[in-house]
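Enquirer: The structure that follows is given in the form of structure tokens.
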Amino acid sequence: MTKSLFRSELAAFKPYVQGKPIEAVRREYGLDRIEKLASNENQFGPSPLAVKAIEDELGELIFYPESYPFDLMNELAEYLDVPKENICVGSGGEGLLWQIAMTFINPGDEIIVSDPTFDVYRISTSLMGASTVQVPLDGQRFDIGAMLAAVNERTKIVYLCSPNNPTGHIASSEEIDKLVSGLPDDVVLILDEAYYELAAIADDYPKHNERIPLTRPNTIVLRSHSKTYGLAGVRFGYIITSPDIASRVHMVGPTFKLNRLAIAAARGALRDTEYRDMYVRENAAARDALLAYYKTKGWTSFPSYSNFVWTDTGLDSQRFFEELQRRGVIIRPGFLWGEKWKTYFRISTGTPEQMQYFIDKTENVLKNW
Ligand SMILES: Cc1ncc(COP(=O)(O)O)c(C=O)c1O
């Protein structure tokens with residue numbers, strides 16, 4: 001008998017499916033212009049202060065980075081107004097989600113998520129040999145009551161993504177209060193705020209969720225520089241949690257989670273309030289332009305607090321995606337989130353020119369449908 005070389009969880013493991021790269025679409029269709037609006041990337045270029053910080057760091061590349069980036073931790077603590085012991089930095093929000101799975105999840109545990117939501121919660125959990133309980137939305141809101149009712153003695157983590165990917169809707173402060181007060185203390189609550197700065201301009205977005213872990217220690221608030229500062233290619237994110245969880249998540253995984261360029265860029269971006277405010281403004285304008293266009297089509301969208309919009313066209317999303325792709329616009333079709341969402345699609349915001357390009361191509365698709 002030969003022994004199995006691979007971990008048993010790998011047998012059924014399905015990794016995250018990244019959208020098709022621009023280069024592949026260009027090769028396939030021979031197009032000059034392609035707009036990739038499928039991965040919620042910031043289309044306004046990276047933060048200039050982050051770029052400058054990267055340039056200044058280039059001469060240091062022969063040295064290993066600090067595994068605990070001291071100056072960055074101090075600056076983040078000041079920026080957030082929480083003690084640095086409550087913060088842990090990582091290789092993007094996604095890197096931290098994997099560290100979180102490795103820190104908490106045993107085989108046989110359960111996690112609870114909304115359906116639909118960001119798939120990395122389920123994927124990282126499955127590799128740890130645990131299962132995911134998906135709780136459907138209640139219309140265009142989270143069903144907090146049903147999420148609480150799904151908790152049992154196996155529940156290790158509840159993930160709440162706000163703004164939620166792919167829908168873009170948020171949890172209100174009443175809903176967050178209900179979840180925080182209804183969860184047993186020994187269940188970890190993860191509040192994924194990867195799009196925080198884009199949502200925080202809305203009056204009804206609950207501000208200062210980063211303070212929840214100070215009173216409910218088994219809570220993790222996750223944020224990222226990928227979207228707000230145009231640094232998805234650099235990989236930097238952080239969590240705010242209890243000092244105990246922060247130190248344990250920090251020790252899991254490779255020693256050097258952040259390279260020198262990511263540390264430098266993260267510090268530069270934190271100072272770049274001008275860039276951040278510009279992007280928040282431009283993003284809101286792009287969202288309004290999309291929603292105004294969808295209204296003329298009679299399409300319904302979720303209320304978006306993010307840099308993407310989730311819309312029901314009533315059309316088959318796989319075909320809609322393919323027709324747009326062959327015309328040079330890449331979106332994310334709803335069927336990827338299951339049968340229920342097969343007439344939806346998600347598109348990321350962009351510059352006014354990109355939004356107009358998408359509208360022109362969509363008109364062409366509809367004319368030839
Ligand atoms: C909800 C959510 N959380 C986390 C992430 C991970 O972001 P990053 O790893 O780029 O920080 C994403 C990326 O799209 C996301 O949509």
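Ordered as shown in the structure tokens, chains take letters A, B, and onward, while each chain numbers its residues from 1 and ligands are numbered from 1 in the order shown.
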Using only C-alpha atoms and all ligand atoms, which residues have at least one atom no more than 9 Å from ligand 1? Output them as a ChimeraX atom specification.

Expert: /A:39-41,90-97,117-121,161-166,192-195,222-227,231-238

Enquirer: Would you mind listing what lies within 9 Å of A:Tyr205 as a list in words, with only C-alpha atoms counted and same-chain residues fewer than 3 positions away left out?

Expert: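 In the requested format, the answer is Ile170, Ala171, Ser172, Ser173, Ala199, Ala200, Ile201, Ala202 and Tyr305 of chain A.
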
Enquirer: So which residues touch A:Asn364 within 12 Å, counting only C-alpha atoms, skipping near sequence neighbours fewer than 3 positions away, as a list in words?

Expert: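 Counting only the stated atoms, we get Phe320, Glu323, Leu324, Arg326, Arg327, Gly328, Val329, Tyr357, Phe358, Ile359, Asp360, Lys361, Lys367, Asn368 and Trp369 of chain A.
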
Enquirer: Would you return as a PyMOL selection string the members of stretch 108-231 of chain A that DSSP assigns to alpha helix (DSSP H) on this structure's backbone?

Expert: chain A and resi 120-127+144-149+173-182+196-199+212-215

Enquirer: Once DSSP has gone over the backbone, tell me which residues of stretch 228-358 of chain A are in strand (DSSP E), as a list in words.

Expert: Gly237, Tyr238, Ile239, Ile240, Thr300, Ser301, Phe308, Val309, Trp310, Thr311, Asp312, Val329, Ile330, Arg332, Pro333, Tyr344, Phe345, Arg346, Ile347 and Ser348 of chain A

Enquirer: Print the selection's residues with C-alpha atoms to a file, as a short mmCIF file (atom, residue, chain, number, x, y, z; two decimals), in the first residue's frame.

Expert:
data_model
loop_
_atom_site.label_atom_id
_atom_site.label_comp_id
_atom_site.auth_asym_id
_atom_site.auth_seq_id
_atom_site.Cartn_x
_atom_site.Cartn_y
_atom_site.Cartn_z
CA GLY A 237 -3.51 44.81 5.46
CA TYR A 238 -3.99 44.87 9.21
CA ILE A 239 -6.31 43.71 11.96
CA ILE A 240 -7.42 45.35 15.18
CA THR A 300 -32.04 46.76 -9.70
CA SER A 301 -28.85 47.10 -7.70
CA PHE A 308 -18.21 47.94 -6.89
CA VAL A 309 -21.91 47.54 -7.65
CA TRP A 310 -23.96 44.32 -7.67
CA THR A 311 -26.81 44.43 -10.14
CA ASP A 312 -29.59 42.21 -11.45
CA VAL A 329 -14.62 44.96 -20.59
CA ILE A 330 -14.04 42.37 -17.86
CA ARG A 332 -17.44 39.43 -12.51
CA PRO A 333 -20.55 37.39 -13.37
CA TYR A 344 -26.44 39.41 -11.37
CA PHE A 345 -23.02 40.85 -12.07
CA ARG A 346 -20.45 42.86 -10.14
CA ILE A 347 -18.45 45.68 -11.68
CA SER A 348 -15.74 47.75 -10.05
#

Enquirer: Restricting the calculation to only C-alpha atoms, which member of A:Lys52, A:Arg211, A:Pro69, A:Ala289 is positioned closest to A:Gln354?

Expert: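 Residue with the minimum atom-to-atom distance to A:Gln354: A:Ala289.
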
Enquirer: For A:Thr296, which residue among A:Asn106, A:Ser4, A:Thr313, A:Asn74 is the nearest when counting only C-alpha atoms?

Expert: A:Thr313

Enquirer: Which residues are near A:Ala50? Cut-off 6 Å, only C-alpha atoms, ignore same chain within fewer than 6 positions. Put them as JSON, numbers by chain.

Expert: {"A": [265, 268, 269]}

Enquirer: I need the chosen residues saved as a compact mmCIF listing (two decimals), in the first residue's frame, with N, CA and C atoms.

Expert:
# COMPACT_ATOMS: atom_id res chain seq x y z
N ALA A 265 5.60 51.21 1.62
CA ALA A 265 4.39 51.71 0.97
C ALA A 265 3.27 51.93 1.98
N GLY A 268 3.95 55.17 3.73
CA GLY A 268 3.72 56.32 2.84
C GLY A 268 2.23 56.57 2.66
N ALA A 269 1.48 55.50 2.44
CA ALA A 269 0.04 55.64 2.19
C ALA A 269 -0.68 56.25 3.38

Enquirer: Which distance in Å separates atom CA of A:Gly45 and atom CA of A:Arg33, to one decimal?

Expert: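 So the two atoms, atom CA of A:Gly45 and atom CA of A:Arg33, lie 17.4 Å apart.
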
Enquirer: Point out the residue among A:Leu189, A:Leu198, A:Ile100, A:Met355 with the least atom-to-atom distance to A:Gly253, counting only C-alpha atoms.

Expert: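 Looking only at the distances to A:Gly253, the closest residue turns out to be A:Ile100.
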
Enquirer: Have a look at atom CA of A:Asn307 and atom CA of A:Glu282 and let me know their distance in Å, one decimal.

Expert: 9.9 Å

Enquirer: Considering only C-alpha atoms, state which residue in the set A:Val82, A:Tyr196, A:His169, A:Thr215 is at the smallest distance from A:Ser181.

Expert: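 Of A:Val82, A:Tyr196, A:His169, A:Thr215, the one nearest A:Ser181 is A:Thr215, counting only C-alpha atoms.
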
Enquirer: Measuring atom to atom with only C-alpha atoms, identify which of A:Leu58, A:Glu363, A:Gln99, A:His208 is nearest to A:Ile263.

Expert: A:Leu58

Enquirer: From the options A:Gln318, A:Ser47, A:Glu353, A:Val188, which residue's atoms come nearest to A:Asp277, counting only C-alpha atoms?

Expert: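 Closest to A:Asp277 of all the choices is A:Ser47.
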
Enquirer: Pick out the residues sitting within 9 Å of A:Leu214, and hand them over as a PyMOL selection string; count only C-alpha atoms, and ignore anything fewer than 3 positions along from it in its own chain.

Expert: chain A and resi 82+86+210-211+217+219+241-242

Enquirer: Create the file for the chosen residues now, containing C-alpha atoms and written as an mmCIF file, in the first residue's frame.

Expert:
data_model
loop_
_atom_site.group_PDB
_atom_site.id
_atom_site.type_symbol
_atom_site.label_atom_id
_atom_site.label_comp_id
_atom_site.auth_asym_id
_atom_site.auth_seq_id
_atom_site.Cartn_x
_atom_site.Cartn_y
_atom_site.Cartn_z
ATOM 1 C CA VAL A 82 -5.729 52.150 19.522
ATOM 2 C CA ASN A 86 -4.080 45.508 19.553
ATOM 3 C CA GLU A 210 -12.131 49.290 15.356
ATOM 4 C CA ARG A 211 -13.056 50.039 18.977
ATOM 5 C CA PRO A 217 -11.796 40.920 22.937
ATOM 6 C CA THR A 219 -13.383 40.334 17.823
ATOM 7 C CA THR A 241 -8.192 42.842 17.918
ATOM 8 C CA SER A 242 -7.220 41.905 21.490
#

Enquirer: So which residues touch stretch 11-28 of chain A within 8 Å, counting only C-alpha atoms, skipping near sequence neighbours fewer than 4 positions away, as a VMD selection string?

Expert: chain A and resid 7 32 34 to 36 38 to 39 119 to 120 123 126 to 127 325 332

Enquirer: What is the atom CA of A:Ala292 to atom CA of A:Leu37 distance in Å?

Expert: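 So the two atoms, atom CA of A:Ala292 and atom CA of A:Leu37, lie 18.0 Å apart.
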